[in-house]
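This report concerns only the one structure given below.
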Amino acid sequence: MVLNSLFPVLALLLTGRILKHFNLTNEVFLKTSDRLIYYIFFPTLLFWKIGGAAAHDIAADWGFYTAALCAVLTIYLLSSLYVRLFHVSDYQAGAFSQSCYRFNTYIGVAIILTVLGEEGVRQFGVLIGLIIPIINALAVSTLTWFSGKHFGFRERSRLTARALVSNPLILACLSGITYARFMNGFPTFINNAPRLATLITLPLALLSIGGVLTFANLKYHLRLALIASIFKLLLLPVSGYFFLKLFGVSGIAFKVGIIFFTLPTSTALYVLSSQLNSDTELASASIALSTFLSFFSLSVALLL
């Protein structure tokens, strides 16, 4: 099952890297596909999967969500403590901190859909809608704190609110939950349109991720990138497993949680780091190393 679940994801990531290496894709194509995925195809997929469920299928599992939140906050606090104790520079602190707890949504949906089917994607989608706002608030707060610029509480709140309101994944998840609450699925003629459109979503997303992955900066940032990966792929799963057991989470929610905790860090941390004066080379190195090492952590998660 591990090979069957992970090999398609790895194959598409490698294909994306090979296509970029031989100039069959380029920066313009990758940026365009990223925008299409982020603003159109992926939100459509999430809205369709969540909105098409019966209301009782997406009932709030607060033990699951609380466990996920506690684990993320634990790693956030531990990584912040590491920044202070080991004197990570202000320029690198924001990128390092994000690398420890942000997660790659695209890879998560690809694996969960393969392993757990549509019910798993619904559970994951609701989790995304609840936890991404909190993760964005943590990331923006840390980045602005170490940016070298003076940001008051009002400015930090504005930046955080802008990041949340403009996030199409959050909007799609919340819209899907609302639709499922008041409607009973989609008419067939409407249901077939997103079904057809989303066939390209995950392959295109994985090809794009593979195309932008680079290990060029890793030799200059290996130590911090490796430590961030340990936080993300070892300490977060251990912490997450503890909280899932503590709150009595079981069934599909438990399986979704384990996969969620073992995902690589998000490629979005590069964009946010560049916008708020943090080390984009460290962000790039952390993304590449975390993505590579996550196939070991995900293998363990799937075995569990």
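In the structure tokens, each chain is lettered A, B, ... as it comes, each chain's residues begin at 1, and ligands are numbered from 1 in order of appearance.
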
Hey, what's within 8 Å of Ala205 in chain A if we count only C-alpha atoms and toss same-chain stuff fewer than 6 positions away? As a ChimeraX atom specification, please?
/A:33-34,37,106

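Relative to CA of Val126 in chain A, CA of Leu235 in chain A is found at 23.7 Å.
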
Using DSSP assignments from the backbone, pull out every residue in range 48-294 of chain A that falls under alpha helix (DSSP H) and give it to me as a VMD selection string.
chain A and resid 48 to 51 62 to 85 90 to 99 105 to 145 153 to 165 168 to 182 188 to 197 201 to 212 222 to 230 236 to 246 251 to 261 268 to 275 280 to 294

Skipping near chain neighbours, those fewer than 2 positions away, what residues fall within 9 Å of Ser273 in chain A using only C-alpha atoms, listed as a ChimeraX atom specification?
/A:94-95,98,143,268-271,275-280,283

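Taking only C-alpha atoms into account, Ser294 in chain A lies nearest to A:Thr265 out of the set A:Asn23, A:Thr265, A:Thr214, A:Ser175.
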
Report as a short mmCIF file (atom, residue, chain, number, x, y, z; two decimals) with N, CA and C atoms, in the first residue's frame all protein, DNA and RNA residues lying within 7 Å of Gly51 in chain A, evaluated on only C-alpha atoms, omitting residues in the same chain fewer than 5 positions from it.
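New file result-v1.cif:
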data_model
loop_
_atom_site.label_atom_id
_atom_site.label_comp_id
_atom_site.auth_asym_id
_atom_site.auth_seq_id
_atom_site.Cartn_x
_atom_site.Cartn_y
_atom_site.Cartn_z
N GLY A 176 -17.77 25.38 0.88
CA GLY A 176 -18.22 24.00 0.76
C GLY A 176 -18.99 23.53 1.99
N ILE A 177 -18.48 23.90 3.17
CA ILE A 177 -19.16 23.54 4.42
C ILE A 177 -20.55 24.17 4.47
N TYR A 179 -22.39 25.23 1.91
CA TYR A 179 -23.26 24.62 0.89
C TYR A 179 -23.80 23.28 1.37
N ALA A 180 -22.90 22.45 1.93
CA ALA A 180 -23.33 21.13 2.40
C ALA A 180 -24.34 21.24 3.53
N GLY A 185 -26.24 18.08 -1.91
CA GLY A 185 -25.43 17.69 -3.05
C GLY A 185 -25.63 18.59 -4.25
#

Excluding Leu46 in chain A and any residue of its chain fewer than 3 positions from it, enumerate the residues within 9 Å of it, using only C-alpha atoms, and give them as a PyMOL selection string.
chain A and resi 41-43+49-51+121-122+125+169+172-173+176

Excluding Leu19 in chain A and residues on its chain fewer than 6 positions from it, collect all residues at most 9 Å away from it, counting only C-alpha atoms, and give them as JSON, numbers by chain.
{"A": [25, 26, 207, 210, 211]}

With C-alpha atoms kept, could you save the residues just selected as a tab-separated table (two decimals), in the first residue's frame?
chain	number	residue	atom	x	y	z
A	25	THR	CA	8.44	23.80	-19.04
A	26	ASN	CA	9.72	27.21	-17.98
A	207	LEU	CA	4.20	18.71	-11.85
A	210	GLY	CA	8.47	19.24	-9.04
A	211	GLY	CA	9.34	22.00	-11.50

Contacts of Ala216 in chain A at 10 Å or less, counting only C-alpha atoms, minus same-chain residues fewer than 2 places along, as a PyMOL selection string?
chain A and resi 213-214+218-221+281+284-285+288

If you keep C-alpha atoms, can you produce a file of those selected residues as a PDB file, in the first residue's frame?
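Wrote it out as selection_16.pdb, contents follow:
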ATOM      1  CA  LEU A 213      12.043  22.200  -6.461  1.00  0.00           C
ATOM      2  CA  THR A 214      15.761  22.875  -6.387  1.00  0.00           C
ATOM      3  CA  LEU A 218      20.838  23.286   0.186  1.00  0.00           C
ATOM      4  CA  LYS A 219      24.614  23.183   0.610  1.00  0.00           C
ATOM      5  CA  TYR A 220      24.558  26.710   2.053  1.00  0.00           C
ATOM      6  CA  HIS A 221      21.602  26.105   4.378  1.00  0.00           C
ATOM      7  CA  GLU A 281      17.148  30.740  -0.024  1.00  0.00           C
ATOM      8  CA  SER A 284      13.776  27.078  -0.883  1.00  0.00           C
ATOM      9  CA  ALA A 285      16.260  24.670   0.720  1.00  0.00           C
ATOM     10  CA  ALA A 288      13.286  20.783  -1.212  1.00  0.00           C
TER      11      ALA A 288
END

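Using only C-alpha atoms, the shortest contact distance between Ser286 in chain A and any of A:Trp145, A:Tyr82, A:Tyr101, A:Phe243 is found at A:Tyr101.
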